[in-house]
>>> print(open('entry-v5.cif').read())   # mmCIF, C-alpha atoms and all ligand atoms
data_start
#
loop_
_atom_site.label_atom_id
_atom_site.label_comp_id
_atom_site.auth_asym_id
_atom_site.auth_seq_id
_atom_site.Cartn_x
_atom_site.Cartn_y
_atom_site.Cartn_z
CA MET E 153 -82.33 39.39 -133.94
CA SER E 154 -80.24 37.27 -136.30
CA ALA E 155 -76.59 38.10 -137.03
CA PRO E 156 -75.86 40.27 -140.08
CA GLU E 157 -75.29 38.36 -143.27
CA THR E 158 -71.93 38.82 -144.98
CA VAL E 159 -72.13 40.05 -148.58
CA SER E 160 -69.45 41.20 -151.00
CA LEU E 161 -70.66 44.71 -151.87
CA VAL E 162 -73.11 47.33 -150.60
CA ILE E 163 -73.68 50.45 -152.72
CA LYS E 164 -75.49 53.22 -150.86
CA ALA E 165 -76.85 55.88 -153.19
CA ARG E 166 -78.85 59.10 -152.90
CA TRP E 167 -81.20 57.87 -155.65
CA ILE E 168 -81.80 54.50 -157.30
CA ALA E 169 -83.87 54.12 -160.49
CA PRO E 170 -84.15 50.33 -160.83
CA VAL E 171 -86.29 50.44 -164.05
CA VAL E 172 -88.42 47.61 -162.56
CA PRO E 173 -90.75 48.54 -160.89
CA GLU E 174 -91.50 51.04 -163.65
CA ASN E 175 -91.09 54.81 -163.29
CA ARG E 176 -89.84 54.62 -159.69
CA VAL E 177 -86.94 56.37 -157.96
CA PHE E 178 -85.93 55.18 -154.49
CA GLU E 179 -84.14 57.60 -152.16
CA HIS E 180 -81.46 56.83 -149.56
CA CYS E 181 -81.47 53.14 -150.38
CA ALA E 182 -78.73 50.55 -150.80
CA LEU E 183 -78.11 47.92 -153.43
CA ILE E 184 -76.86 44.69 -151.88
CA VAL E 185 -74.61 42.56 -154.07
CA ASP E 186 -73.13 39.16 -153.37
CA LYS E 187 -71.00 37.09 -155.74
CA GLY E 188 -71.91 39.37 -158.64
CA VAL E 189 -75.68 39.04 -158.13
CA ILE E 190 -78.18 41.55 -156.70
CA ARG E 191 -79.41 40.28 -153.33
CA ALA E 192 -81.64 43.16 -152.20
CA LEU E 193 -82.59 46.80 -152.59
CA VAL E 194 -83.42 48.19 -149.14
CA PRO E 195 -83.36 51.45 -147.14
CA GLN E 196 -79.84 52.28 -145.95
CA GLU E 197 -80.66 51.83 -142.22
CA GLU E 198 -82.02 48.38 -142.95
CA ALA E 199 -78.90 47.54 -144.95
CA ASP E 200 -76.73 48.48 -141.93
CA LYS E 201 -78.68 46.12 -139.68
CA ARG E 202 -79.06 43.17 -142.02
CA PHE E 203 -75.78 43.05 -143.94
CA ASP E 204 -72.10 42.99 -143.16
CA ALA E 205 -70.35 44.16 -146.34
CA GLU E 206 -66.82 43.26 -147.40
CA GLN E 207 -66.92 46.56 -149.31
CA THR E 208 -69.26 49.52 -148.90
CA ILE E 209 -69.40 52.39 -151.39
CA PHE E 210 -71.23 55.54 -150.38
CA LEU E 211 -72.48 57.70 -153.24
CA GLY E 212 -74.18 60.68 -151.62
CA ASN E 213 -74.93 62.72 -154.76
CA HIS E 214 -75.44 59.92 -157.22
CA LEU E 215 -78.17 58.19 -159.18
CA LEU E 216 -77.78 54.43 -159.53
CA THR E 217 -79.31 52.79 -162.60
CA PRO E 218 -78.87 49.49 -164.45
CA GLY E 219 -75.80 49.51 -166.71
CA LEU E 220 -76.74 50.76 -170.17
CA VAL E 221 -77.07 48.36 -173.11
CA ASN E 222 -75.73 49.74 -176.38
CA ALA E 223 -77.69 47.46 -178.70
CA HIS E 224 -75.90 48.24 -181.94
CA GLY E 225 -72.45 49.37 -182.98
CA HIS E 226 -69.23 48.62 -184.81
CA ALA E 227 -66.78 49.17 -181.96
CA ALA E 228 -63.56 49.04 -183.98
CA MET E 229 -64.82 51.87 -186.21
CA SER E 230 -64.00 54.25 -183.36
CA LEU E 231 -60.61 54.45 -185.13
CA LEU E 232 -62.44 55.91 -188.16
CA ARG E 233 -64.20 58.59 -186.10
CA GLY E 234 -64.35 61.83 -188.11
CA LEU E 235 -62.71 60.29 -191.17
CA ALA E 236 -65.63 61.20 -193.46
CA ASP E 237 -68.56 63.35 -192.37
CA ASP E 238 -71.57 65.07 -193.91
CA LEU E 239 -72.24 62.46 -196.60
CA PRO E 240 -75.29 60.29 -197.43
CA LEU E 241 -75.05 56.61 -196.48
CA LYS E 242 -74.31 55.24 -199.97
CA THR E 243 -71.50 57.70 -200.74
CA TRP E 244 -70.14 57.46 -197.20
CA LEU E 245 -70.00 53.64 -197.36
CA GLU E 246 -68.92 53.09 -200.96
CA GLN E 247 -66.43 55.91 -201.41
CA TYR E 248 -64.94 56.30 -197.94
CA ILE E 249 -65.66 53.61 -195.37
CA TRP E 250 -65.39 50.41 -197.44
CA PRO E 251 -62.17 51.44 -199.28
CA THR E 252 -60.56 52.46 -195.97
CA GLU E 253 -61.67 49.21 -194.34
CA ASN E 254 -60.34 47.15 -197.26
CA ARG E 255 -56.97 48.80 -196.85
CA TRP E 256 -56.69 48.91 -193.05
CA VAL E 257 -58.89 46.43 -191.22
CA ASN E 258 -56.88 43.65 -189.61
CA GLU E 259 -56.63 41.90 -186.26
CA ASP E 260 -54.61 44.69 -184.60
CA MET E 261 -56.91 47.44 -185.84
CA VAL E 262 -60.00 45.63 -184.54
CA ARG E 263 -58.39 44.90 -181.19
CA ASP E 264 -57.20 48.49 -180.65
CA GLY E 265 -60.40 50.05 -182.00
CA THR E 266 -62.63 47.83 -179.87
CA GLU E 267 -60.64 48.67 -176.74
CA LEU E 268 -60.89 52.39 -177.49
CA ALA E 269 -64.65 52.01 -177.98
CA MET E 270 -65.11 50.00 -174.79
CA ALA E 271 -63.24 52.61 -172.76
CA GLU E 272 -65.49 55.33 -174.13
CA MET E 273 -68.61 53.24 -173.55
CA ILE E 274 -67.72 52.35 -169.95
CA ARG E 275 -66.92 55.99 -169.17
CA SER E 276 -70.36 56.99 -170.42
CA GLY E 277 -72.31 54.26 -168.63
CA THR E 278 -72.54 51.36 -171.08
CA THR E 279 -71.83 47.96 -169.51
CA CYS E 280 -73.11 45.75 -172.34
CA PHE E 281 -72.72 46.23 -176.08
CA SER E 282 -73.97 44.45 -179.15
CA ASP E 283 -71.46 44.58 -181.99
CA MET E 284 -71.06 43.68 -185.66
CA TYR E 285 -67.64 43.86 -187.28
CA PHE E 286 -64.80 42.05 -189.03
CA PHE E 287 -62.35 39.93 -186.99
CA PRO E 288 -65.01 39.34 -184.34
CA GLY E 289 -62.66 37.04 -182.45
CA GLN E 290 -60.53 40.06 -181.57
CA ALA E 291 -63.58 41.96 -180.31
CA ALA E 292 -64.74 38.95 -178.28
CA GLN E 293 -61.33 38.57 -176.66
CA ALA E 294 -61.09 42.29 -175.95
CA ALA E 295 -64.52 42.25 -174.25
CA GLN E 296 -63.56 39.19 -172.23
CA GLN E 297 -60.36 40.82 -171.06
CA ALA E 298 -62.04 44.12 -170.14
CA HIS E 299 -64.84 42.20 -168.34
CA MET E 300 -67.52 43.88 -170.45
CA ARG E 301 -70.72 42.09 -171.33
CA ALA E 302 -70.95 41.78 -175.11
CA HIS E 303 -72.82 40.21 -177.97
CA ILE E 304 -70.42 39.88 -180.86
CA HIS E 305 -72.17 39.32 -184.21
CA PHE E 306 -69.80 37.99 -186.83
CA PRO E 307 -70.36 39.57 -190.24
CA VAL E 308 -71.90 37.62 -193.09
CA PHE E 309 -71.66 38.99 -196.64
CA ASP E 310 -71.69 37.42 -200.08
CA MET E 311 -68.69 39.56 -201.04
CA PRO E 312 -65.11 39.15 -199.83
CA SER E 313 -63.49 41.30 -197.15
CA ALA E 314 -60.31 41.23 -195.09
CA TRP E 315 -61.98 38.63 -192.84
CA GLY E 316 -63.70 36.27 -195.29
CA GLN E 317 -64.02 35.15 -198.91
CA ASP E 318 -67.71 34.35 -199.31
CA ALA E 319 -70.78 33.49 -197.24
CA GLU E 320 -69.54 29.95 -196.63
CA ASP E 321 -66.23 31.21 -195.30
CA TYR E 322 -67.83 33.82 -192.99
CA LEU E 323 -70.19 31.20 -191.59
CA ARG E 324 -67.44 28.62 -191.04
CA LYS E 325 -65.25 31.11 -189.14
CA GLY E 326 -68.18 32.57 -187.23
CA LEU E 327 -69.53 29.20 -186.12
CA SER E 328 -66.12 28.20 -184.85
CA LEU E 329 -65.99 31.44 -182.80
CA HIS E 330 -69.51 30.75 -181.52
CA ASP E 331 -68.27 27.39 -180.24
CA ASP E 332 -65.26 28.98 -178.53
CA PHE E 333 -67.52 31.25 -176.45
CA ARG E 334 -70.45 28.86 -176.02
CA ALA E 335 -70.20 28.75 -172.23
CA HIS E 336 -68.78 32.20 -171.55
CA PRO E 337 -70.63 34.10 -168.80
CA LEU E 338 -70.29 37.56 -170.44
CA VAL E 339 -69.51 37.19 -174.13
CA ARG E 340 -71.90 35.63 -176.63
CA VAL E 341 -71.40 35.20 -180.36
CA GLY E 342 -74.24 35.65 -182.86
CA PHE E 343 -74.89 36.18 -186.56
CA GLY E 344 -74.39 39.57 -188.24
CA PRO E 345 -75.68 39.41 -191.82
CA HIS E 346 -74.81 43.00 -192.72
CA ALA E 347 -78.00 43.94 -194.60
CA PRO E 348 -80.58 42.45 -196.97
CA TYR E 349 -78.79 44.06 -199.93
CA THR E 350 -75.40 42.49 -199.18
CA ALA E 351 -76.62 38.88 -198.80
CA SER E 352 -78.48 36.56 -201.15
CA ASP E 353 -81.67 34.65 -200.31
CA ASP E 354 -79.67 31.45 -199.89
CA THR E 355 -77.24 33.06 -197.46
CA LEU E 356 -80.01 34.64 -195.39
CA LYS E 357 -81.94 31.34 -195.28
CA ARG E 358 -78.83 29.55 -194.09
CA VAL E 359 -78.31 32.14 -191.32
CA ALA E 360 -81.94 31.76 -190.21
CA THR E 361 -81.64 27.97 -189.96
CA LEU E 362 -78.30 28.00 -188.12
CA ALA E 363 -79.41 30.69 -185.67
CA GLN E 364 -82.57 28.72 -184.81
CA GLU E 365 -80.53 25.54 -184.30
CA LEU E 366 -78.06 27.27 -182.00
CA ASP E 367 -80.62 29.64 -180.41
CA ALA E 368 -78.16 32.40 -181.27
CA PRO E 369 -79.00 36.08 -181.86
CA ILE E 370 -79.09 37.71 -185.30
CA GLN E 371 -78.38 41.37 -185.94
CA ILE E 372 -79.07 42.97 -189.32
CA HIS E 373 -79.29 46.54 -190.68
CA LEU E 374 -82.86 46.81 -191.99
CA HIS E 375 -84.83 49.57 -193.70
CA GLU E 376 -82.03 52.01 -193.00
CA THR E 377 -82.93 54.26 -195.96
CA ALA E 378 -85.80 54.77 -198.41
CA GLN E 379 -83.42 53.77 -201.23
CA GLU E 380 -82.95 50.32 -199.65
CA VAL E 381 -86.70 49.74 -199.70
CA THR E 382 -87.10 51.02 -203.29
CA ASP E 383 -84.19 48.88 -204.54
CA SER E 384 -85.67 45.80 -202.90
CA LEU E 385 -89.08 46.45 -204.46
CA ASN E 386 -87.38 46.73 -207.87
CA GLU E 387 -85.15 43.69 -207.46
CA HIS E 388 -87.27 41.29 -205.42
CA GLY E 389 -90.78 42.72 -205.82
CA LYS E 390 -91.14 43.04 -202.04
CA ARG E 391 -90.04 45.17 -199.12
CA PRO E 392 -86.91 43.95 -197.27
CA SER E 393 -88.94 43.11 -194.14
CA GLN E 394 -91.28 40.90 -196.21
CA ARG E 395 -88.31 39.19 -197.86
CA LEU E 396 -86.66 38.47 -194.49
CA ALA E 397 -89.92 37.16 -193.05
CA GLU E 398 -90.34 34.76 -195.98
CA LEU E 399 -86.74 33.58 -195.57
CA GLY E 400 -87.38 32.81 -191.89
CA LEU E 401 -85.08 35.52 -190.65
CA LEU E 402 -87.58 37.51 -188.58
CA SER E 403 -88.00 36.01 -185.11
CA PRO E 404 -87.50 36.90 -181.42
CA LEU E 405 -83.80 36.19 -182.07
CA THR E 406 -83.60 39.06 -184.59
CA GLN E 407 -82.44 42.60 -183.87
CA CYS E 408 -83.56 44.83 -186.78
CA VAL E 409 -81.27 47.85 -186.73
CA HIS E 410 -82.60 51.27 -187.88
CA MET E 411 -86.11 50.72 -189.35
CA THR E 412 -86.42 54.33 -190.48
CA GLN E 413 -88.89 53.39 -193.24
CA VAL E 414 -91.91 51.72 -191.68
CA ASP E 415 -95.40 51.16 -193.09
CA ASP E 416 -98.37 49.19 -191.73
CA SER E 417 -97.15 45.94 -193.27
CA ASP E 418 -93.75 46.31 -191.56
CA VAL E 419 -95.36 46.94 -188.18
CA ARG E 420 -97.52 43.84 -188.64
CA LEU E 421 -94.52 41.67 -189.59
CA LEU E 422 -92.34 42.86 -186.70
CA SER E 423 -95.19 42.31 -184.29
CA GLU E 424 -96.22 38.88 -185.62
CA HIS E 425 -92.67 37.55 -185.60
CA GLY E 426 -91.63 39.11 -182.29
CA ALA E 427 -88.53 40.74 -183.82
CA HIS E 428 -86.79 43.61 -182.02
CA VAL E 429 -85.97 47.05 -183.37
CA VAL E 430 -82.70 48.79 -182.51
CA HIS E 431 -83.11 52.54 -182.86
CA CYS E 432 -79.94 54.53 -183.69
CA PRO E 433 -81.23 58.12 -183.87
CA GLU E 434 -77.93 60.02 -184.10
CA SER E 435 -76.54 57.87 -186.91
CA ASN E 436 -79.87 58.17 -188.78
CA LEU E 437 -79.84 61.94 -188.34
CA LYS E 438 -76.22 62.32 -189.39
CA LEU E 439 -76.58 60.22 -192.54
CA ALA E 440 -80.02 61.76 -193.23
CA SER E 441 -81.42 58.22 -193.40
CA GLY E 442 -84.86 58.97 -191.98
CA PHE E 443 -86.75 58.68 -188.71
CA CYS E 444 -87.76 55.55 -186.84
CA PRO E 445 -91.36 55.95 -185.54
CA VAL E 446 -90.42 54.86 -182.04
CA GLN E 447 -93.61 55.72 -180.18
CA ARG E 448 -95.75 54.00 -182.80
CA LEU E 449 -93.69 50.80 -182.55
CA LEU E 450 -93.83 50.87 -178.74
CA ASP E 451 -97.61 51.42 -178.86
CA GLU E 452 -97.87 48.30 -181.05
CA GLY E 453 -96.00 46.30 -178.40
CA ILE E 454 -92.78 46.01 -180.42
CA ASN E 455 -89.61 46.03 -178.35
CA VAL E 456 -87.39 49.00 -179.26
CA ALA E 457 -83.81 49.10 -177.96
CA LEU E 458 -81.22 51.84 -178.42
CA GLY E 459 -77.82 51.88 -180.13
CA THR E 460 -75.16 54.39 -181.09
CA ASP E 461 -74.07 52.66 -184.31
CA GLY E 462 -70.34 53.03 -185.06
CA ALA E 463 -68.37 56.14 -184.07
CA ALA E 464 -67.77 56.88 -187.77
CA SER E 465 -71.44 57.87 -188.17
CA ASN E 466 -72.39 59.33 -184.79
CA ASN E 467 -69.58 60.36 -183.79
CA ASP E 468 -69.56 59.34 -180.12
CA LEU E 469 -70.55 56.19 -178.27
CA SER E 470 -72.44 57.75 -175.38
CA LEU E 471 -75.76 56.02 -174.88
CA LEU E 472 -76.77 58.78 -172.46
CA GLY E 473 -76.49 61.29 -175.31
CA GLU E 474 -78.41 58.87 -177.51
CA MET E 475 -81.20 58.70 -174.89
CA LYS E 476 -81.64 62.46 -175.04
CA THR E 477 -81.69 62.49 -178.85
CA ALA E 478 -84.13 59.56 -178.91
CA ALA E 479 -86.49 61.22 -176.44
CA LEU E 480 -86.46 64.54 -178.33
CA LEU E 481 -86.75 62.97 -181.78
CA ALA E 482 -89.62 60.68 -180.74
CA LYS E 483 -91.65 63.76 -179.80
CA ALA E 484 -90.92 65.47 -183.11
CA VAL E 485 -91.78 62.36 -185.15
CA ALA E 486 -94.96 61.55 -183.19
CA GLY E 487 -96.01 65.21 -182.95
CA ARG E 488 -96.63 64.57 -179.26
CA ALA E 489 -94.66 65.99 -176.33
CA ASP E 490 -95.54 62.95 -174.21
CA ALA E 491 -93.89 60.49 -176.64
CA LEU E 492 -90.94 58.59 -175.10
CA ASP E 493 -90.76 60.22 -171.66
CA ALA E 494 -87.61 60.24 -169.51
CA HIS E 495 -88.32 56.92 -167.80
CA GLY E 496 -89.22 55.43 -171.18
CA ALA E 497 -85.88 56.53 -172.62
CA LEU E 498 -84.03 54.98 -169.66
CA ARG E 499 -86.02 51.76 -170.12
CA MET E 500 -85.13 51.73 -173.82
CA ALA E 501 -81.43 52.01 -172.97
CA THR E 502 -81.55 49.26 -170.33
CA LEU E 503 -84.37 46.69 -170.13
CA ASN E 504 -85.42 46.94 -173.79
CA GLY E 505 -81.78 46.45 -174.81
CA ALA E 506 -81.54 43.42 -172.55
CA ARG E 507 -84.73 42.03 -174.12
CA ALA E 508 -83.43 42.56 -177.65
CA LEU E 509 -80.33 40.55 -176.72
CA GLY E 510 -82.33 37.82 -174.99
CA LEU E 511 -80.75 38.81 -171.67
CA GLU E 512 -83.80 40.19 -169.83
CA ASP E 513 -83.63 37.50 -167.16
CA ARG E 514 -80.03 38.55 -166.36
CA ILE E 515 -79.66 42.32 -166.84
CA GLY E 516 -81.57 45.51 -167.70
CA SER E 517 -83.05 46.26 -164.26
CA LEU E 518 -81.87 46.28 -160.65
CA GLU E 519 -83.96 43.32 -159.50
CA VAL E 520 -83.09 40.63 -156.97
CA GLY E 521 -81.45 37.68 -158.71
CA LYS E 522 -80.17 39.68 -161.68
CA SER E 523 -76.51 40.29 -162.35
CA ALA E 524 -75.03 43.37 -160.67
CA ASP E 525 -74.49 45.36 -163.89
CA VAL E 526 -74.86 48.83 -162.44
CA ILE E 527 -73.75 52.41 -163.04
CA ALA E 528 -73.63 55.52 -160.88
CA VAL E 529 -74.11 59.03 -162.26
CA GLU E 530 -72.97 61.93 -160.10
CA LEU E 531 -75.51 64.75 -159.99
CA SER E 532 -73.63 67.41 -158.05
CA ASP E 533 -72.34 69.79 -160.71
CA LEU E 534 -73.83 73.16 -161.51
CA SER E 535 -75.62 72.10 -164.68
CA SER E 536 -77.54 69.33 -162.92
CA GLN E 537 -79.02 71.69 -160.27
CA PRO E 538 -81.63 71.87 -158.91
CA ILE E 539 -82.87 68.29 -158.79
CA TYR E 540 -86.62 67.69 -158.73
CA ASN E 541 -86.41 64.47 -160.71
CA PRO E 542 -83.01 62.78 -161.15
CA VAL E 543 -84.19 60.72 -164.16
CA SER E 544 -85.16 63.94 -165.93
CA GLN E 545 -81.63 65.21 -165.25
CA LEU E 546 -80.15 61.99 -166.55
CA VAL E 547 -82.04 62.10 -169.85
CA TYR E 548 -82.57 65.78 -170.65
CA THR E 549 -79.28 67.35 -169.57
CA ASP E 550 -75.80 66.50 -170.82
CA SER E 551 -74.90 63.71 -168.41
CA SER E 552 -72.31 61.56 -170.20
CA HIS E 553 -69.40 63.12 -168.30
CA ARG E 554 -71.15 62.53 -164.97
CA VAL E 555 -70.84 58.74 -164.96
CA SER E 556 -68.57 57.94 -162.03
CA HIS E 557 -68.87 54.17 -161.43
CA ALA E 558 -69.68 51.06 -163.43
CA TRP E 559 -69.84 47.41 -162.46
CA VAL E 560 -70.43 44.26 -164.49
CA ALA E 561 -71.46 41.16 -162.53
CA GLY E 562 -70.28 42.96 -159.39
CA LYS E 563 -66.79 43.68 -160.74
CA ALA E 564 -65.81 47.35 -160.97
CA LEU E 565 -64.94 48.61 -164.45
CA LEU E 566 -65.01 52.29 -163.41
CA LEU E 567 -64.33 53.72 -159.94
CA SER E 568 -64.47 57.48 -159.35
CA ARG E 569 -64.15 57.97 -163.14
CA GLN E 570 -61.01 55.80 -163.36
CA LEU E 571 -61.09 52.85 -165.74
CA GLN E 572 -60.18 49.65 -163.92
CA THR E 573 -59.75 47.12 -166.73
CA LEU E 574 -58.42 49.31 -169.58
CA ASN E 575 -55.50 51.71 -169.78
CA GLU E 576 -56.75 55.10 -170.94
CA ARG E 577 -53.37 56.67 -171.67
CA GLU E 578 -52.23 53.67 -173.69
CA LEU E 579 -55.47 53.69 -175.73
CA ILE E 580 -55.10 57.36 -176.62
CA GLY E 581 -51.53 56.70 -177.78
CA LYS E 582 -52.66 53.80 -179.96
CA ALA E 583 -55.54 55.83 -181.48
CA ARG E 584 -53.09 58.60 -182.42
CA TRP E 585 -50.78 56.07 -184.03
CA TRP E 586 -53.63 54.63 -186.15
CA ALA E 587 -54.80 58.10 -187.20
CA LYS E 588 -51.30 58.81 -188.48
CA GLN E 589 -51.18 55.58 -190.52
CA ILE E 590 -54.70 55.83 -191.92
CA GLY E 591 -54.57 59.61 -192.47
CA ASN E 592 -51.29 59.45 -194.38
CA GLN E 593 -51.95 56.54 -196.68
CA ARG E 594 -55.63 56.55 -197.39
ZN ZN E 601 -74.51 49.86 -188.12
#
>>> encode(input="entry-v5.cif", output="structure tokens", more="lines below")
Ligand SMILES: [Zn+2]
Amino acid sequence: MSAPETVSLVIKARWIAPVVPENRVFEHCALIVDKGVIRALVPQEEADKRFDAEQTIFLGNHLLTPGLVNAHGHAAMSLLRGLADDLPLKTWLEQYIWPTENRWVNEDMVRDGTELAMAEMIRSGTTCFSDMYFFPGQAAQAAQQAHMRAHIHFPVFDMPSAWGQDAEDYLRKGLSLHDDFRAHPLVRVGFGPHAPYTASDDTLKRVATLAQELDAPIQIHLHETAQEVTDSLNEHGKRPSQRLAELGLLSPLTQCVHMTQVDDSDVRLLSEHGAHVVHCPESNLKLASGFCPVQRLLDEGINVALGTDGAASNNDLSLLGEMKTAALLAKAVAGRADALDAHGALRMATLNGARALGLEDRIGSLEVGKSADVIAVELSDLSSQPIYNPVSQLVYTDSSHRVSHAWVAGKALLLSRQLQTLNERELIGKARWWAKQIGNQR
């Protein structure tokens, strides 16, 4: 027999749901990690014989899954959580969110808000997030420092904001940031044209061309409300999806966020162009925006990922909670109890997210050769008993507070519920300070 091979980390878990192969749960197995990459998934006795680990972690009551991918959000808006609730999108944006942002958004706010959001996301199992917000350089640096995987989409508008004057200015600053992170192993910078109604044809065409040249991702809010579609029909004589397709903006690089208003022509366009949909059920419910027909899109072969949207319209950043909402809502919308089952919801929050971000060869499943982006969820408390199917427990019971461990590329971000790369107490102090400033002078 050959000598055991030395590896950096062995995680032994009661259950492992690797997402690929589909719908499987392995029991009493071990995930073998070396230099940040998954080397093997084998029974624990085999792991003892074949591998000599520098570090072994035994998780006797835990389910191991791929780290969750939060495919859409505005991390810094966690500082605006609960600022304005119970309002429709237009009123909420125009009368509350945009005026507050114009007054308060700056480098410090984005840095502190993004860190607060990352802490919340890591604690609830997210290891990769896709973001769109002002001062994206601050978000990119914060992600780099916390060792989180992130896609940072710099905003593109025609109108001015605290971060830019006009489309040209946003693009110039964004492209420079893209260059700064070109070779970064965890952080990637893409284009974030806010929505079809905040950018002209020329601006959107420019984004499409630049993104193709750089092979960079695009994230855009699309068909969020019925009003958006009606306004576009009045102004441009076509649905927003048709307009984007004609401008070259729908492609496998494009993440279409929301899609609550979908007809046959939209399905055909998404499918033909290979664009991804990012479903944000809780934000859509809270703003009464509508319902994304998730099961229908999946049946048509369209990739649907999952996002929380910003904490100002959710109001939490737990993708586990979002999985439960997505699974329940899909059944209501499809009128079928078998729509989006538990494994399907987990796949949406992991592999589908990875696909939407163009990262499916690196993350989204616990397969040999992929990066060790992994989470552990402890299933030992009263409300998770008894356990017939741990993935059912993960999706259909309240499991956000059960996340105990998280790793990105083999580096621990959360150990026994303790954040390793962010300071929780400091973040709470900063959030309270911002609430005082914003609350007093809004
Ligand atoms: Zn959004």
>>> residues_near_ligand(input="entry-v5.cif", ligand="ligand ZN 601 (chain E)", cutoff="9 Å", atoms="all atoms listed in the file", output="list in words")
His224, Gly225, His226, Asp283, Met284, His346, Ile372, His373, Val409, His410, Cys432, Ser435, Gly459, Thr460, Asp461, Gly462 and Ser465 of chain E
>>> write_last_selection(input="entry-v5.cif", atoms="C-alpha atoms", output="PDB file, in the frame of the given file")
ATOM      1  CA  HIS E 224     -75.900  48.240-181.940  1.00  0.00           C
ATOM      2  CA  GLY E 225     -72.450  49.370-182.980  1.00  0.00           C
ATOM      3  CA  HIS E 226     -69.230  48.620-184.810  1.00  0.00           C
ATOM      4  CA  ASP E 283     -71.460  44.580-181.990  1.00  0.00           C
ATOM      5  CA  MET E 284     -71.060  43.680-185.660  1.00  0.00           C
ATOM      6  CA  HIS E 346     -74.810  43.000-192.720  1.00  0.00           C
ATOM      7  CA  ILE E 372     -79.070  42.970-189.320  1.00  0.00           C
ATOM      8  CA  HIS E 373     -79.290  46.540-190.680  1.00  0.00           C
ATOM      9  CA  VAL E 409     -81.270  47.850-186.730  1.00  0.00           C
ATOM     10  CA  HIS E 410     -82.600  51.270-187.880  1.00  0.00           C
ATOM     11  CA  CYS E 432     -79.940  54.530-183.690  1.00  0.00           C
ATOM     12  CA  SER E 435     -76.540  57.870-186.910  1.00  0.00           C
ATOM     13  CA  GLY E 459     -77.820  51.880-180.130  1.00  0.00           C
ATOM     14  CA  THR E 460     -75.160  54.390-181.090  1.00  0.00           C
ATOM     15  CA  ASP E 461     -74.070  52.660-184.310  1.00  0.00           C
ATOM     16  CA  GLY E 462     -70.340  53.030-185.060  1.00  0.00           C
ATOM     17  CA  SER E 465     -71.440  57.870-188.170  1.00  0.00           C
TER      18      SER E 465
END
>>> closest_residue(input="entry-v5.cif", among="E:Ser535, E:Gln447, E:Ser313, E:Thr406", to="Phe343 of chain E", atoms="only C-alpha atoms")
E:Thr406
>>> atom_distance(input="entry-v5.cif", atom1="atom CA of Glu267 of chain E", atom2="atom CA of Lys438 of chain E")
24.3 Å
>>> residues_around(input="entry-v5.cif", residues="Ala223 of chain E", least_positions_apart="5", cutoff="9 Å", atoms="all atoms listed in the file", output="list in words")
Cys280, Phe281, Ser282, Asp283, His303, Gln407, Val409, Val430, His431, Cys432, Ala457, Leu458, Gly459, Thr460, Asp461, Ala501, Gly505, Ala506, Ala508 and Leu509 of chain E
>>> residues_around(input="entry-v5.cif", residues="Glu519 of chain E", least_positions_apart="3", cutoff="10 Å", atoms="all atoms listed in the file", output="list in words")
Pro170, Val171, Val172, Pro173, Leu183, Val189, Ile190, Arg191, Ala192, Leu193, Pro218, Asp513, Arg514, Ile515, Gly516, Lys522, Ser523 and Ala524 of chain E
>>> closest_residue(input="entry-v5.cif", among="E:Ala564, E:Ala440, E:Leu518, E:Val359", to="Ile209 of chain E", atoms="only C-alpha atoms")
E:Ala564
>>> residues_around(input="entry-v5.cif", residues="Phe333 of chain E", least_positions_apart="3", cutoff="12 Å", atoms="all atoms listed in the file", output="ChimeraX atom specification")
/E:288-289,292-293,295-296,302-304,326-330,336-342,368
>>> closest_residue(input="entry-v5.cif", among="E:Met475, E:Ala528, E:Ile590, E:Leu161", to="Leu567 of chain E", atoms="all atoms listed in the file")
E:Ala528
>>> atom_distance(input="entry-v5.cif", atom1="atom CA of Thr158 of chain E", atom2="atom CA of Ala205 of chain E")
5.7 Å
>>> axis_aligned_box(input="entry-v5.cif", around="segment 571-589 of chain E", padding_each_side="4 Å", output="JSON")
{"center_x": -55.9, "center_y": 53.0, "center_z": -177.2, "size_x": 18.3, "size_y": 19.7, "size_z": 34.6}
>>> decode(input="entry-v5.cif", residues="segment 524-528 of chain E", atoms="N, CA, C and O atoms", output="CSV table (one decimal), in the first residue's frame")
chain,number,residue,atom,x,y,z
E,524,ALA,N,-12.5,25.0,-3.4
E,524,ALA,CA,-13.2,24.6,-2.2
E,524,ALA,C,-13.9,25.8,-1.6
E,524,ALA,O,-13.6,26.4,-0.6
E,525,ASP,N,-15.1,26.1,-2.2
E,525,ASP,CA,-16.0,27.1,-1.7
E,525,ASP,C,-17.2,26.3,-1.1
E,525,ASP,O,-18.0,25.7,-1.8
E,526,VAL,N,-17.2,26.2,0.2
E,526,VAL,CA,-18.0,25.1,0.9
E,526,VAL,C,-18.6,25.8,2.1
E,526,VAL,O,-18.0,26.6,2.8
E,527,ILE,N,-19.8,25.3,2.5
E,527,ILE,CA,-20.4,25.7,3.8
E,527,ILE,C,-20.9,24.4,4.5
E,527,ILE,O,-21.1,23.4,3.9
E,528,ALA,N,-21.0,24.6,5.8
E,528,ALA,CA,-21.5,23.5,6.7
E,528,ALA,C,-22.7,24.1,7.5
E,528,ALA,O,-22.7,25.2,7.9
